[in-house]
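Quick look at model10.cif (mmCIF, C-alpha atoms):
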```cif
data_query
loop_
_atom_site.label_atom_id
_atom_site.label_comp_id
_atom_site.auth_asym_id
_atom_site.auth_seq_id
_atom_site.Cartn_x
_atom_site.Cartn_y
_atom_site.Cartn_z
CA MET A 1 -18.97 12.66 7.43
CA LYS A 2 -17.74 13.50 10.88
CA ARG A 3 -17.06 9.86 11.56
CA PHE A 4 -15.14 9.63 8.31
CA LEU A 5 -12.97 12.59 9.26
CA VAL A 6 -12.21 11.06 12.63
CA LEU A 7 -11.27 7.83 10.91
CA LEU A 8 -9.03 9.71 8.53
CA ALA A 9 -7.38 11.55 11.41
CA ILE A 10 -6.71 8.27 13.19
CA MET A 11 -5.25 6.78 10.03
CA PHE A 12 -2.81 9.62 9.57
CA ALA A 13 -1.95 9.75 13.24
CA SER A 14 -1.24 6.04 13.42
CA SER A 15 0.93 6.06 10.34
CA SER A 16 3.28 8.46 12.04
CA ILE A 17 3.31 6.28 15.15
CA LEU A 18 4.21 3.26 13.07
CA ALA A 19 7.00 5.06 11.28
CA ILE A 20 10.29 3.33 11.86
CA ASP A 21 13.38 4.51 13.69
CA THR A 22 13.38 7.95 12.15
CA ASP A 23 15.75 9.29 14.77
CA VAL A 24 18.81 10.83 13.26
CA ALA A 25 21.44 8.11 13.34
CA PHE A 26 24.53 10.24 12.85
CA ASP A 27 25.50 13.73 14.00
CA ASP A 28 27.43 14.29 10.83
CA PRO A 29 24.83 15.42 8.24
CA GLU A 30 26.89 14.04 5.35
CA LEU A 31 27.04 10.59 6.96
CA GLN A 32 23.33 10.78 7.76
CA ALA A 33 22.56 11.58 4.11
CA ARG A 34 24.65 8.61 2.95
CA TYR A 35 22.88 6.39 5.48
CA GLU A 36 19.43 7.45 4.32
CA ARG A 37 20.32 7.00 0.66
CA LEU A 38 21.78 3.56 1.31
CA ILE A 39 18.80 2.24 3.25
CA SER A 40 16.40 3.50 0.60
CA GLU A 41 18.30 1.44 -2.00
CA VAL A 42 18.36 -1.82 -0.12
CA ARG A 43 15.49 -4.17 -0.67
CA CYS A 44 13.89 -5.72 2.38
CA VAL A 45 14.44 -9.33 1.28
CA GLN A 46 11.76 -10.52 3.66
CA CYS A 47 9.03 -8.27 2.31
CA GLN A 48 10.57 -7.86 -1.17
CA ASN A 49 8.63 -4.83 -2.34
CA ASN A 50 9.84 -2.40 0.30
CA SER A 51 13.17 -0.83 0.90
CA ILE A 52 14.54 -1.42 4.38
CA LYS A 53 13.94 2.26 4.95
CA ASP A 54 10.19 1.75 4.60
CA SER A 55 9.89 -1.59 6.27
CA ASN A 56 8.98 -2.41 9.80
CA VAL A 57 9.96 -6.07 9.92
CA LEU A 58 12.66 -7.28 12.28
CA LEU A 59 15.12 -8.11 9.54
CA ALA A 60 14.89 -4.62 8.07
CA SER A 61 15.67 -3.02 11.40
CA ASP A 62 18.54 -5.49 11.89
CA LEU A 63 19.92 -4.54 8.49
CA ARG A 64 19.59 -0.84 9.26
CA ARG A 65 21.52 -1.45 12.45
CA GLU A 66 24.26 -3.31 10.57
CA ILE A 67 24.52 -0.54 7.99
CA ARG A 68 24.78 2.07 10.76
CA ARG A 69 27.56 -0.02 12.31
CA LEU A 70 29.43 -0.33 9.01
CA LEU A 71 29.16 3.38 8.29
CA ALA A 72 30.30 4.22 11.81
CA GLU A 73 33.33 2.00 11.16
CA GLY A 74 34.10 4.20 8.16
CA LYS A 75 33.14 1.73 5.43
CA THR A 76 32.43 3.10 1.95
CA ASP A 77 29.08 2.74 0.17
CA ALA A 78 30.61 0.09 -2.09
CA GLU A 79 31.79 -1.89 0.92
CA VAL A 80 28.31 -1.75 2.43
CA ALA A 81 26.87 -2.98 -0.86
CA ASP A 82 29.44 -5.81 -0.91
CA PHE A 83 28.43 -6.77 2.62
CA LEU A 84 24.78 -7.09 1.56
CA VAL A 85 25.41 -8.82 -1.75
CA ALA A 86 27.69 -11.39 -0.11
CA ARG A 87 24.83 -12.38 2.17
CA TYR A 88 21.65 -11.83 0.18
CA GLY A 89 22.77 -11.67 -3.45
CA GLU A 90 22.29 -8.87 -5.98
CA PHE A 91 18.55 -9.02 -5.37
CA ALA A 92 19.10 -7.10 -2.13
CA LEU A 93 20.05 -3.99 -4.08
CA TYR A 94 17.39 -2.05 -5.94
CA ARG A 95 20.03 -1.10 -8.47
CA PRO A 96 21.99 -4.29 -9.04
CA ARG A 97 25.58 -3.72 -10.00
CA MET A 98 26.69 -4.27 -13.55
CA ALA A 99 28.52 -7.60 -13.53
CA GLY A 100 28.38 -11.08 -15.04
CA LYS A 101 25.11 -12.37 -13.65
CA THR A 102 23.20 -9.09 -13.87
CA LEU A 103 24.49 -8.12 -17.31
CA ALA A 104 21.36 -9.44 -19.06
CA LEU A 105 19.27 -7.28 -16.75
CA TRP A 106 21.11 -4.18 -17.84
CA ILE A 107 21.42 -4.93 -21.53
CA ALA A 108 17.98 -6.41 -22.22
CA PRO A 109 16.06 -3.09 -22.38
CA PHE A 110 18.49 -1.59 -24.90
CA LEU A 111 18.48 -4.80 -26.90
CA LEU A 112 14.68 -4.74 -27.03
CA VAL A 113 14.62 -1.11 -28.18
CA LEU A 114 17.17 -1.93 -30.90
CA LEU A 115 15.17 -4.96 -31.99
CA GLY A 116 11.92 -2.97 -32.06
CA GLY A 117 13.62 -0.14 -33.95
CA PHE A 118 14.95 -2.57 -36.53
CA ALA A 119 11.50 -4.13 -37.02
CA LEU A 120 9.93 -0.69 -37.35
CA PHE A 121 12.58 0.32 -39.88
CA ARG A 122 11.93 -2.79 -41.95
CA VAL A 123 8.16 -2.26 -41.97
CA LEU A 124 8.45 1.43 -42.82
CA LYS A 125 10.94 0.78 -45.58
CA HIS A 126 8.63 -1.79 -47.11
CA ARG A 127 5.66 0.59 -46.88
CA MET A 128 7.61 3.37 -48.51
CA SER A 129 8.36 1.19 -51.48
CA LEU A 130 4.62 0.75 -52.11
CA PRO A 131 3.10 3.12 -54.70
CA ILE A 132 1.24 5.92 -52.94
CA ASP A 133 -1.86 6.00 -55.11
CA ASP A 134 -2.49 2.33 -54.41
CA ASP A 135 -4.44 3.12 -51.25
CA THR A 136 -7.96 2.49 -52.48
CA LYS A 137 -7.08 -0.72 -54.28
CA ASN A 138 -5.39 -2.27 -51.25
CA GLU A 139 -8.04 -1.24 -48.79
CA GLY A 140 -8.62 -3.84 -46.09
CA GLN A 141 -5.43 -5.65 -46.93
CA PRO A 142 -2.50 -4.72 -44.73
CA GLU A 143 0.79 -4.06 -46.50
CA MET B 1 3.92 -17.38 -45.28
CA ASN B 2 7.17 -15.85 -44.11
CA ARG B 3 5.36 -13.01 -42.37
CA TYR B 4 3.88 -15.47 -39.85
CA VAL B 5 7.22 -16.91 -38.84
CA TRP B 6 8.56 -14.04 -36.76
CA PRO B 7 5.46 -13.59 -34.59
CA LEU B 8 5.49 -17.34 -34.00
CA VAL B 9 9.14 -17.23 -32.98
CA ALA B 10 8.37 -14.33 -30.61
CA VAL B 11 5.49 -16.23 -29.00
CA GLY B 12 7.69 -19.31 -28.70
CA VAL B 13 10.41 -17.36 -26.88
CA LEU B 14 7.78 -15.83 -24.62
CA LEU B 15 6.39 -19.29 -23.83
CA ILE B 16 9.83 -20.56 -22.92
CA PHE B 17 10.33 -17.71 -20.46
CA LEU B 18 6.83 -18.13 -19.03
CA SER B 19 7.30 -21.85 -18.50
CA ILE B 20 10.57 -21.18 -16.68
CA GLY B 21 8.90 -18.51 -14.59
CA LEU B 22 5.84 -20.56 -13.72
CA LYS B 23 7.65 -23.79 -12.94
CA ASP B 24 6.97 -25.39 -9.58
CA ARG B 25 9.04 -23.20 -7.32
CA ASP B 26 8.82 -20.86 -4.40
CA ILE B 27 8.84 -17.33 -5.77
CA ARG B 28 10.04 -16.02 -2.42
CA ALA B 29 13.13 -18.21 -2.59
CA LEU B 30 16.19 -16.28 -3.62
CA PRO B 31 19.31 -17.93 -4.98
CA SER B 32 21.61 -18.21 -1.99
CA PRO B 33 25.07 -16.73 -2.53
CA PHE B 34 26.48 -19.30 -0.09
CA ILE B 35 26.05 -22.46 -2.16
CA GLY B 36 29.50 -23.92 -2.79
CA LYS B 37 31.12 -21.52 -0.36
CA PRO B 38 32.42 -22.13 3.16
CA ALA B 39 29.70 -21.73 5.77
CA PRO B 40 29.88 -18.33 7.49
CA GLN B 41 31.97 -18.39 10.65
CA PHE B 42 30.03 -17.95 13.84
CA GLU B 43 30.23 -18.52 17.55
CA LEU B 44 27.26 -18.01 19.83
CA PRO B 45 26.13 -19.05 23.30
CA THR B 46 23.86 -22.07 23.26
CA LEU B 47 20.19 -21.60 23.92
CA LYS B 48 20.02 -23.81 26.97
CA ASN B 49 23.31 -22.79 28.54
CA PRO B 50 24.65 -19.26 27.90
CA GLU B 51 28.04 -20.29 29.37
CA VAL B 52 28.67 -22.77 26.57
CA THR B 53 29.29 -21.59 23.03
CA ILE B 54 28.62 -23.34 19.78
CA GLY B 55 29.81 -22.44 16.33
CA SER B 56 31.60 -23.36 13.13
CA LYS B 57 33.96 -25.67 15.04
CA ASN B 58 31.04 -27.96 15.86
CA LEU B 59 30.01 -28.33 12.23
CA ALA B 60 33.31 -29.62 10.92
CA GLY B 61 33.98 -33.25 10.11
CA ASP B 62 30.59 -34.53 9.07
CA TYR B 63 27.52 -33.64 7.09
CA ALA B 64 25.31 -31.48 9.27
CA ILE B 65 22.23 -29.35 8.88
CA VAL B 66 21.81 -25.92 10.35
CA ASN B 67 18.17 -25.08 10.94
CA VAL B 68 17.16 -21.49 11.63
CA TRP B 69 14.06 -21.36 13.82
CA ALA B 70 12.08 -19.21 16.20
CA THR B 71 9.01 -19.63 18.37
CA TRP B 72 7.23 -16.82 16.50
CA CYS B 73 7.65 -18.73 13.25
CA VAL B 74 4.50 -20.63 12.34
CA GLN B 75 6.12 -22.81 9.68
CA CYS B 76 8.78 -23.88 12.20
CA ARG B 77 6.07 -25.60 14.23
CA LYS B 78 4.96 -27.32 11.05
CA GLU B 79 8.39 -28.82 10.36
CA HIS B 80 9.16 -29.66 13.98
CA GLY B 81 7.67 -33.15 13.80
CA PHE B 82 9.84 -33.99 10.82
CA LEU B 83 12.96 -32.66 12.56
CA LEU B 84 12.21 -34.93 15.52
CA ASP B 85 11.86 -37.92 13.18
CA LEU B 86 15.08 -37.00 11.43
CA ALA B 87 16.93 -36.66 14.73
CA ALA B 88 15.55 -40.02 15.88
CA SER B 89 16.78 -41.69 12.69
CA LYS B 90 20.33 -40.48 13.46
CA THR B 91 20.87 -39.67 9.79
CA ILE B 92 22.58 -36.37 10.39
CA PRO B 93 23.31 -34.04 13.30
CA ILE B 94 20.88 -31.11 13.42
CA TYR B 95 22.16 -27.80 14.74
CA GLY B 96 19.73 -25.01 15.44
CA ILE B 97 20.09 -21.27 15.27
CA ASN B 98 17.37 -19.77 17.40
CA TRP B 99 16.89 -16.49 15.61
CA ARG B 100 15.59 -13.27 17.14
CA ASP B 101 13.67 -15.05 19.85
CA SER B 102 13.05 -15.03 23.57
CA ARG B 103 15.29 -17.49 25.38
CA VAL B 104 12.59 -18.45 27.88
CA GLU B 105 9.98 -19.11 25.22
CA ALA B 106 12.41 -21.00 23.01
CA ILE B 107 13.42 -23.33 25.85
CA ARG B 108 9.77 -23.87 26.71
CA TRP B 109 9.07 -24.72 23.04
CA LEU B 110 11.77 -27.41 23.08
CA ASP B 111 10.53 -28.77 26.42
CA ASP B 112 6.96 -28.96 25.15
CA LEU B 113 7.49 -30.20 21.60
CA GLY B 114 10.74 -32.14 21.97
CA ASP B 115 14.29 -31.15 21.08
CA PRO B 116 15.66 -32.46 17.77
CA TYR B 117 18.83 -30.37 17.98
CA VAL B 118 22.30 -31.45 19.01
CA ALA B 119 22.36 -27.88 20.26
CA SER B 120 20.82 -24.57 19.32
CA ALA B 121 22.78 -21.36 19.09
CA TYR B 122 21.02 -18.35 20.54
CA ASP B 123 21.14 -15.43 18.10
CA ALA B 124 19.31 -12.77 20.08
CA ASP B 125 20.08 -9.73 17.93
CA GLY B 126 20.13 -11.43 14.53
CA ARG B 127 23.79 -10.73 13.72
CA VAL B 128 24.62 -14.32 12.84
CA GLY B 129 21.32 -14.59 10.96
CA ILE B 130 22.46 -11.76 8.72
CA ASP B 131 25.87 -13.39 8.23
CA TRP B 132 24.05 -16.50 7.03
CA GLY B 133 21.79 -14.46 4.74
CA VAL B 134 18.67 -15.51 6.64
CA TYR B 135 15.52 -13.67 5.65
CA GLY B 136 12.67 -15.94 6.61
CA ALA B 137 12.55 -18.76 9.13
CA PRO B 138 12.55 -21.66 8.81
CA GLU B 139 15.67 -21.94 6.70
CA THR B 140 17.79 -25.04 6.57
CA PHE B 141 21.38 -25.26 5.36
CA LEU B 142 23.14 -28.48 4.41
CA VAL B 143 26.83 -28.31 5.23
CA ASP B 144 29.28 -30.93 4.00
CA PRO B 145 32.20 -32.41 6.00
CA GLU B 146 34.58 -29.73 4.69
CA GLY B 147 32.28 -27.03 6.04
CA THR B 148 30.94 -26.00 2.62
CA VAL B 149 27.29 -25.05 2.25
CA ILE B 150 25.87 -27.30 -0.44
CA TYR B 151 22.18 -26.51 -0.19
CA LYS B 152 19.78 -24.13 1.43
CA HIS B 153 16.06 -24.71 1.79
CA LEU B 154 13.56 -21.97 2.50
CA GLY B 155 10.41 -23.05 4.28
CA PRO B 156 9.43 -26.09 6.31
CA LEU B 157 11.20 -29.40 5.81
CA ASP B 158 9.33 -32.62 5.25
CA SER B 159 10.33 -36.08 4.14
CA TYR B 160 9.66 -35.27 0.48
CA VAL B 161 11.96 -32.25 0.49
CA TRP B 162 14.47 -34.21 2.53
CA GLN B 163 14.67 -37.07 0.04
CA ARG B 164 14.66 -34.88 -3.03
CA GLU B 165 17.02 -32.11 -2.00
CA PHE B 166 19.11 -33.23 0.97
CA ALA B 167 19.54 -36.99 0.90
CA SER B 168 20.31 -37.00 -2.82
CA ARG B 169 23.00 -34.33 -2.40
CA MET B 170 24.62 -36.16 0.49
CA ALA B 171 24.69 -39.36 -1.54
CA SER B 172 26.34 -37.68 -4.50
CA GLY B 173 28.68 -35.45 -2.54
CA GLY B 174 27.07 -32.14 -3.39
CA ALA B 175 25.43 -32.14 -6.79
CA ARG B 176 21.82 -33.18 -7.10
CA PRO B 177 21.71 -36.20 -9.44
#
```
Would you mind writing the file's structure down as C-alpha coordinates?
Amino acid sequence: MKRFLVLLAIMFASSSILAIDTDVAFDDPELQARYERLISEVRCVQCQNNSIKDSNVLLASDLRREIRRLLAEGKTDAEVADFLVARYGEFALYRPRMAGKTLALWIAPFLLVLLGGFALFRVLKHRMSLPIDDDTKNEGQPE
Amino acid sequence: MNRYVWPLVAVGVLLIFLSIGLKDRDIRALPSPFIGKPAPQFELPTLKNPEVTIGSKNLAGDYAIVNVWATWCVQCRKEHGFLLDLAASKTIPIYGINWRDSRVEAIRWLDDLGDPYVASAYDADGRVGIDWGVYGAPETFLVDPEGTVIYKHLGPLDSYVWQREFASRMASGGARP
(Lines of atoms letter the chains of each structure in order from A and count residues from 1; the text may use other names and numbers.)
(Lines give C-alpha, C1' and ligand atoms only; values in the text may rest on other atoms or scores of the structure.)
Protein backbone atom coordinates (compact mmCIF):
# COMPACT_ATOMS: atom_id res chain seq x y z
CA MET A 1 0.00 0.00 0.00
CA LYS A 2 2.77 2.36 0.94
CA ARG A 3 4.60 1.54 -2.24
CA PHE A 4 1.44 2.21 -4.21
CA LEU A 5 1.04 5.62 -2.60
CA VAL A 6 4.63 6.51 -3.41
CA LEU A 7 4.05 5.45 -6.98
CA LEU A 8 0.91 7.55 -7.14
CA ALA A 9 2.76 10.54 -5.72
CA ILE A 10 5.49 10.16 -8.33
CA MET A 11 2.91 9.92 -11.08
CA PHE A 12 1.20 13.12 -10.07
CA ALA A 13 4.47 14.91 -9.47
CA SER A 14 5.86 13.95 -12.86
CA SER A 15 2.74 14.99 -14.69
CA SER A 16 3.22 18.52 -13.46
CA ILE A 17 6.86 18.43 -14.50
CA LEU A 18 5.88 17.32 -17.98
CA ALA A 19 3.27 20.02 -18.33
CA ILE A 20 4.04 22.25 -21.27
CA ASP A 21 4.98 25.91 -21.37
CA THR A 22 2.34 26.99 -18.91
CA ASP A 23 4.04 30.32 -18.33
CA VAL A 24 1.74 33.21 -18.96
CA ALA A 25 2.47 34.30 -22.51
CA PHE A 26 0.91 37.75 -22.40
CA ASP A 27 0.65 40.41 -19.71
CA ASP A 28 -2.72 41.46 -21.01
CA PRO A 29 -5.22 39.03 -19.42
CA GLU A 30 -7.66 39.41 -22.32
CA LEU A 31 -4.98 38.47 -24.85
CA GLN A 32 -3.88 35.58 -22.63
CA ALA A 33 -7.46 34.29 -22.50
CA ARG A 34 -7.74 34.47 -26.30
CA TYR A 35 -4.41 32.67 -26.62
CA GLU A 36 -5.47 29.86 -24.31
CA ARG A 37 -8.80 29.43 -26.04
CA LEU A 38 -7.16 29.36 -29.46
CA ILE A 39 -4.56 26.75 -28.58
CA SER A 40 -7.19 24.52 -26.99
CA GLU A 41 -9.10 24.55 -30.30
CA VAL A 42 -6.22 23.69 -32.56
CA ARG A 43 -5.58 20.05 -33.22
CA CYS A 44 -2.03 18.83 -32.94
CA VAL A 45 -1.84 17.43 -36.48
CA GLN A 46 1.09 15.25 -35.53
CA CYS A 47 -0.64 13.52 -32.64
CA GLN A 48 -4.19 14.08 -33.94
CA ASN A 49 -6.12 13.43 -30.75
CA ASN A 50 -4.66 16.24 -28.68
CA SER A 51 -5.03 19.94 -28.89
CA ILE A 52 -1.74 21.80 -29.20
CA LYS A 53 -2.43 23.05 -25.70
CA ASP A 54 -2.15 19.51 -24.34
CA SER A 55 0.61 18.25 -26.55
CA ASN A 56 4.28 18.06 -25.88
CA VAL A 57 5.56 17.33 -29.37
CA LEU A 58 7.87 19.76 -31.14
CA LEU A 59 5.33 20.77 -33.74
CA ALA A 60 2.77 21.70 -31.10
CA SER A 61 5.22 23.96 -29.33
CA ASP A 62 6.21 25.48 -32.69
CA LEU A 63 2.56 26.16 -33.44
CA ARG A 64 2.01 27.70 -30.02
CA ARG A 65 4.98 29.96 -30.69
CA GLU A 66 3.56 30.99 -34.08
CA ILE A 67 0.16 31.73 -32.55
CA ARG A 68 1.80 33.83 -29.83
CA ARG A 69 3.65 35.73 -32.56
CA LEU A 70 0.48 36.30 -34.59
CA LEU A 71 -1.46 37.50 -31.55
CA ALA A 72 1.39 39.79 -30.55
CA GLU A 73 1.21 41.25 -34.06
CA GLY A 74 -2.43 42.07 -33.38
CA LYS A 75 -3.99 39.42 -35.62
CA THR A 76 -7.63 38.47 -35.01
CA ASP A 77 -8.78 34.96 -34.08
CA ALA A 78 -10.13 34.51 -37.60
CA GLU A 79 -6.77 35.47 -39.08
CA VAL A 80 -5.01 32.95 -36.84
CA ALA A 81 -7.48 30.28 -37.97
CA ASP A 82 -6.83 31.24 -41.61
CA PHE A 83 -3.10 30.91 -41.02
CA LEU A 84 -3.55 27.36 -39.73
CA VAL A 85 -6.10 26.24 -42.30
CA ALA A 86 -3.93 27.52 -45.17
CA ARG A 87 -1.14 25.25 -43.98
CA TYR A 88 -2.82 22.23 -42.43
CA GLY A 89 -6.37 22.27 -43.77
CA GLU A 90 -9.66 22.40 -41.84
CA PHE A 91 -8.60 19.30 -39.95
CA ALA A 92 -6.33 21.48 -37.82
CA LEU A 93 -9.34 23.13 -36.20
CA TYR A 94 -11.44 21.19 -33.73
CA ARG A 95 -14.43 23.18 -34.89
CA PRO A 96 -14.07 23.32 -38.66
CA ARG A 97 -15.57 26.39 -40.22
CA MET A 98 -18.81 26.15 -42.12
CA ALA A 99 -17.83 26.27 -45.79
CA GLY A 100 -18.00 24.22 -48.99
CA LYS A 101 -15.88 21.23 -48.08
CA THR A 102 -17.01 20.96 -44.46
CA LEU A 103 -20.70 21.56 -45.16
CA ALA A 104 -21.51 17.83 -45.12
CA LEU A 105 -19.87 17.60 -41.71
CA TRP A 106 -22.19 20.24 -40.33
CA ILE A 107 -25.39 19.18 -42.03
CA ALA A 108 -25.12 15.39 -41.71
CA PRO A 109 -26.21 15.16 -38.04
CA PHE A 110 -29.36 17.22 -38.65
CA LEU A 111 -30.09 15.27 -41.80
CA LEU A 112 -29.80 11.99 -39.88
CA VAL A 113 -32.13 13.22 -37.14
CA LEU A 114 -34.67 14.31 -39.77
CA LEU A 115 -34.39 10.98 -41.55
CA GLY A 116 -34.79 9.04 -38.30
CA GLY A 117 -37.73 11.23 -37.28
CA PHE A 118 -39.42 10.61 -40.60
CA ALA A 119 -38.94 6.84 -40.29
CA LEU A 120 -40.27 6.90 -36.73
CA PHE A 121 -43.27 8.93 -37.86
CA ARG A 122 -44.04 6.46 -40.63
CA VAL A 123 -43.81 3.46 -38.30
CA LEU A 124 -45.93 5.08 -35.61
CA LYS A 125 -48.55 6.19 -38.08
CA HIS A 126 -48.81 2.68 -39.44
CA ARG A 127 -49.09 1.22 -35.92
CA MET A 128 -51.80 3.68 -35.00
CA SER A 129 -53.89 2.56 -37.92
CA LEU A 130 -53.89 -1.01 -36.57
CA PRO A 131 -56.95 -1.99 -34.51
CA ILE A 132 -56.08 -1.88 -30.81
CA ASP A 133 -57.77 -5.09 -29.74
CA ASP A 134 -55.77 -7.04 -32.30
CA ASP A 135 -52.88 -7.52 -29.86
CA THR A 136 -53.40 -11.15 -28.93
CA LYS A 137 -54.05 -12.28 -32.49
CA ASN A 138 -50.89 -10.69 -33.86
CA GLU A 139 -48.66 -11.85 -31.07
CA GLY A 140 -45.17 -12.75 -32.25
CA GLN A 141 -45.69 -11.03 -35.56
CA PRO A 142 -44.30 -7.51 -35.71
CA GLU A 143 -46.55 -4.88 -37.24
CA MET B 1 -41.11 -7.68 -49.55
CA ASN B 2 -40.94 -3.91 -49.61
CA ARG B 3 -40.10 -3.76 -45.92
CA TYR B 4 -36.73 -5.42 -46.58
CA VAL B 5 -35.67 -2.90 -49.20
CA TRP B 6 -34.90 0.06 -46.97
CA PRO B 7 -32.68 -1.82 -44.50
CA LEU B 8 -30.82 -3.27 -47.48
CA VAL B 9 -30.33 0.18 -48.95
CA ALA B 10 -29.05 1.42 -45.57
CA VAL B 11 -26.57 -1.44 -45.30
CA GLY B 12 -25.46 -0.81 -48.88
CA VAL B 13 -24.76 2.86 -48.18
CA LEU B 14 -22.89 1.88 -45.02
CA LEU B 15 -20.78 -0.61 -46.99
CA ILE B 16 -19.89 2.04 -49.54
CA PHE B 17 -18.65 4.38 -46.81
CA LEU B 18 -16.78 1.57 -45.05
CA SER B 19 -15.04 0.49 -48.24
CA ILE B 20 -13.96 4.09 -48.86
CA GLY B 21 -12.75 4.38 -45.29
CA LEU B 22 -10.88 1.09 -45.24
CA LYS B 23 -9.23 1.45 -48.63
CA ASP B 24 -5.47 1.07 -48.77
CA ARG B 25 -4.37 4.42 -47.43
CA ASP B 26 -2.45 6.04 -44.65
CA ILE B 27 -4.96 7.22 -42.08
CA ARG B 28 -2.44 9.73 -40.76
CA ALA B 29 -2.18 11.38 -44.15
CA LEU B 30 -4.17 14.58 -44.34
CA PRO B 31 -5.22 16.16 -47.61
CA SER B 32 -2.60 18.82 -48.25
CA PRO B 33 -4.01 22.29 -48.88
CA PHE B 34 -1.00 23.04 -51.11
CA ILE B 35 -1.78 20.74 -54.03
CA GLY B 36 -2.25 22.89 -57.13
CA LYS B 37 -1.02 25.98 -55.34
CA PRO B 38 2.32 27.78 -55.61
CA ALA B 39 4.93 26.32 -53.27
CA PRO B 40 5.31 28.43 -50.11
CA GLN B 41 8.04 31.05 -50.41
CA PHE B 42 11.07 30.43 -48.28
CA GLU B 43 14.69 31.36 -47.92
CA LEU B 44 16.97 29.65 -45.44
CA PRO B 45 20.69 29.16 -44.87
CA THR B 46 21.97 25.88 -46.25
CA LEU B 47 22.84 23.12 -43.86
CA LYS B 48 26.47 22.83 -44.85
CA ASN B 49 27.20 26.52 -45.24
CA PRO B 50 25.22 29.04 -43.16
CA GLU B 51 26.55 31.89 -45.34
CA VAL B 52 24.74 30.60 -48.41
CA THR B 53 20.97 30.69 -48.63
CA ILE B 54 18.63 28.47 -50.55
CA GLY B 55 14.97 28.96 -51.27
CA SER B 56 12.12 29.23 -53.72
CA LYS B 57 14.43 30.76 -56.34
CA ASN B 58 16.33 27.48 -56.58
CA LEU B 59 13.21 25.45 -57.28
CA ALA B 60 12.05 27.37 -60.32
CA GLY B 61 12.50 26.14 -63.87
CA ASP B 62 12.37 22.39 -63.50
CA TYR B 63 10.57 19.61 -61.72
CA ALA B 64 12.09 19.25 -58.27
CA ILE B 65 11.33 17.43 -55.07
CA VAL B 66 11.55 18.96 -51.64
CA ASN B 67 12.22 16.37 -48.98
CA VAL B 68 11.72 17.25 -45.32
CA TRP B 69 14.06 15.23 -43.13
CA ALA B 70 15.76 15.12 -39.75
CA THR B 71 18.27 12.88 -38.03
CA TRP B 72 15.75 12.08 -35.27
CA CYS B 73 13.35 10.73 -37.88
CA VAL B 74 13.53 6.95 -38.11
CA GLN B 75 11.63 6.67 -41.39
CA CYS B 76 14.05 9.16 -42.97
CA ARG B 77 16.84 6.64 -42.54
CA LYS B 78 14.62 4.07 -44.21
CA GLU B 79 14.11 6.18 -47.33
CA HIS B 80 17.68 7.45 -47.51
CA GLY B 81 18.91 4.60 -49.71
CA PHE B 82 16.18 5.29 -52.23
CA LEU B 83 16.98 9.01 -52.26
CA LEU B 84 20.61 8.18 -53.02
CA ASP B 85 19.52 5.95 -55.91
CA LEU B 86 17.20 8.64 -57.19
CA ALA B 87 19.94 11.27 -57.01
CA ALA B 88 22.34 8.93 -58.82
CA SER B 89 19.82 8.40 -61.62
CA LYS B 90 19.71 12.18 -62.20
CA THR B 91 15.95 12.00 -62.72
CA ILE B 92 15.15 15.08 -60.69
CA PRO B 93 16.96 17.50 -58.39
CA ILE B 94 16.33 16.72 -54.72
CA TYR B 95 16.25 19.62 -52.28
CA GLY B 96 16.20 18.95 -48.58
CA ILE B 97 14.69 20.84 -45.70
CA ASN B 98 16.46 19.73 -42.56
CA TRP B 99 13.70 20.27 -40.06
CA ARG B 100 14.15 20.98 -36.35
CA ASP B 101 17.51 19.28 -36.19
CA SER B 102 21.03 19.76 -34.93
CA ARG B 103 23.32 21.09 -37.64
CA VAL B 104 26.29 19.04 -36.45
CA GLU B 105 24.35 15.79 -36.36
CA ALA B 106 22.67 16.46 -39.70
CA ILE B 107 26.01 17.07 -41.43
CA ARG B 108 27.42 13.93 -39.83
CA TRP B 109 24.39 11.98 -41.11
CA LEU B 110 25.06 13.13 -44.67
CA ASP B 111 28.77 12.37 -44.34
CA ASP B 112 28.07 8.88 -43.04
CA LEU B 113 25.15 7.84 -45.22
CA GLY B 114 25.80 9.88 -48.35
CA ASP B 115 24.21 13.12 -49.54
CA PRO B 116 21.44 12.83 -52.13
CA TYR B 117 20.54 16.52 -51.94
CA VAL B 118 21.48 19.30 -54.30
CA ALA B 119 21.38 21.26 -51.07
CA SER B 120 19.53 21.12 -47.79
CA ALA B 121 17.97 24.14 -46.16
CA TYR B 122 18.47 24.34 -42.42
CA ASP B 123 15.16 25.05 -40.67
CA ALA B 124 16.28 25.18 -37.06
CA ASP B 125 13.13 26.59 -35.46
CA GLY B 126 10.56 24.97 -37.75
CA ARG B 127 9.14 28.20 -39.20
CA VAL B 128 9.48 27.10 -42.81
CA GLY B 129 8.21 23.65 -41.86
CA ILE B 130 5.00 25.25 -40.64
CA ASP B 131 4.73 27.34 -43.82
CA TRP B 132 4.91 24.10 -45.79
CA GLY B 133 2.33 22.43 -43.54
CA VAL B 134 4.82 19.81 -42.38
CA TYR B 135 3.61 17.64 -39.52
CA GLY B 136 5.63 14.46 -39.74
CA ALA B 137 8.97 13.81 -41.38
CA PRO B 138 9.68 12.46 -43.87
CA GLU B 139 7.46 14.44 -46.19
CA THR B 140 8.19 14.88 -49.85
CA PHE B 141 6.73 17.53 -52.14
CA LEU B 142 6.77 17.38 -55.92
CA VAL B 143 7.05 20.85 -57.42
CA ASP B 144 6.54 21.47 -61.13
CA PRO B 145 8.58 23.87 -63.31
CA GLU B 146 6.16 26.73 -62.61
CA GLY B 147 6.73 26.29 -58.88
CA THR B 148 3.34 24.68 -58.22
CA VAL B 149 3.09 21.86 -55.70
CA ILE B 150 1.54 18.93 -57.52
CA TYR B 151 1.92 16.17 -54.96
CA LYS B 152 2.86 15.59 -51.38
CA HIS B 153 3.82 12.24 -49.91
CA LEU B 154 3.81 11.48 -46.21
CA GLY B 155 6.21 8.79 -45.08
CA PRO B 156 9.27 7.17 -46.61
CA LEU B 157 9.76 7.11 -50.36
CA ASP B 158 10.58 3.95 -52.24
CA SER B 159 10.65 2.99 -55.88
CA TYR B 160 7.03 1.78 -55.79
CA VAL B 161 5.72 5.09 -54.44
CA TRP B 162 8.02 6.93 -56.81
CA GLN B 163 6.68 5.18 -59.91
CA ARG B 164 3.06 5.30 -58.85
CA GLU B 165 2.78 8.81 -57.47
CA PHE B 166 5.69 10.91 -58.71
CA ALA B 167 6.89 9.63 -62.06
CA SER B 168 3.35 9.29 -63.38
CA ARG B 169 2.50 12.87 -62.41
CA MET B 170 5.65 14.24 -64.01
CA ALA B 171 4.87 12.36 -67.21
CA SER B 172 1.33 13.71 -67.38
CA GLY B 173 2.11 17.22 -66.21
CA GLY B 174 0.35 17.06 -62.88
CA ALA B 175 -2.62 14.73 -62.90
CA ARG B 176 -2.14 11.09 -62.04
CA PRO B 177 -3.24 9.05 -65.07
Exercise for review: Spell out the residues picked by the PyMOL selection byres ((chain B) within 6 of (chain A)) here, as a PyMOL selection string.
Suggested key: chain B and resi 33+133+135
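The space between atom CA of B:Lys48 and atom CA of B:Ser120 spans 7.7 Å.
Take the candidates A:Tyr35, A:Phe110, A:Tyr94, A:Phe4 and check each one against A:Ser51 using only C-alpha atoms; the shortest distance goes to A:Tyr94.
For the pair atom CA of A:Arg97 and atom CA of B:Leu15, the interatomic distance is 28.3 Å.
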The distance between atom CA of A:Ala78 and atom CA of A:Val57 is 24.7 Å
Test item: residues at most 8 Å from B:Tyr117, only C-alpha atoms, excluding those fewer than 6 positions along its chain, as a list in words:
Ala87, Pro93, Ile94, Tyr95 and Gly96 of chain B
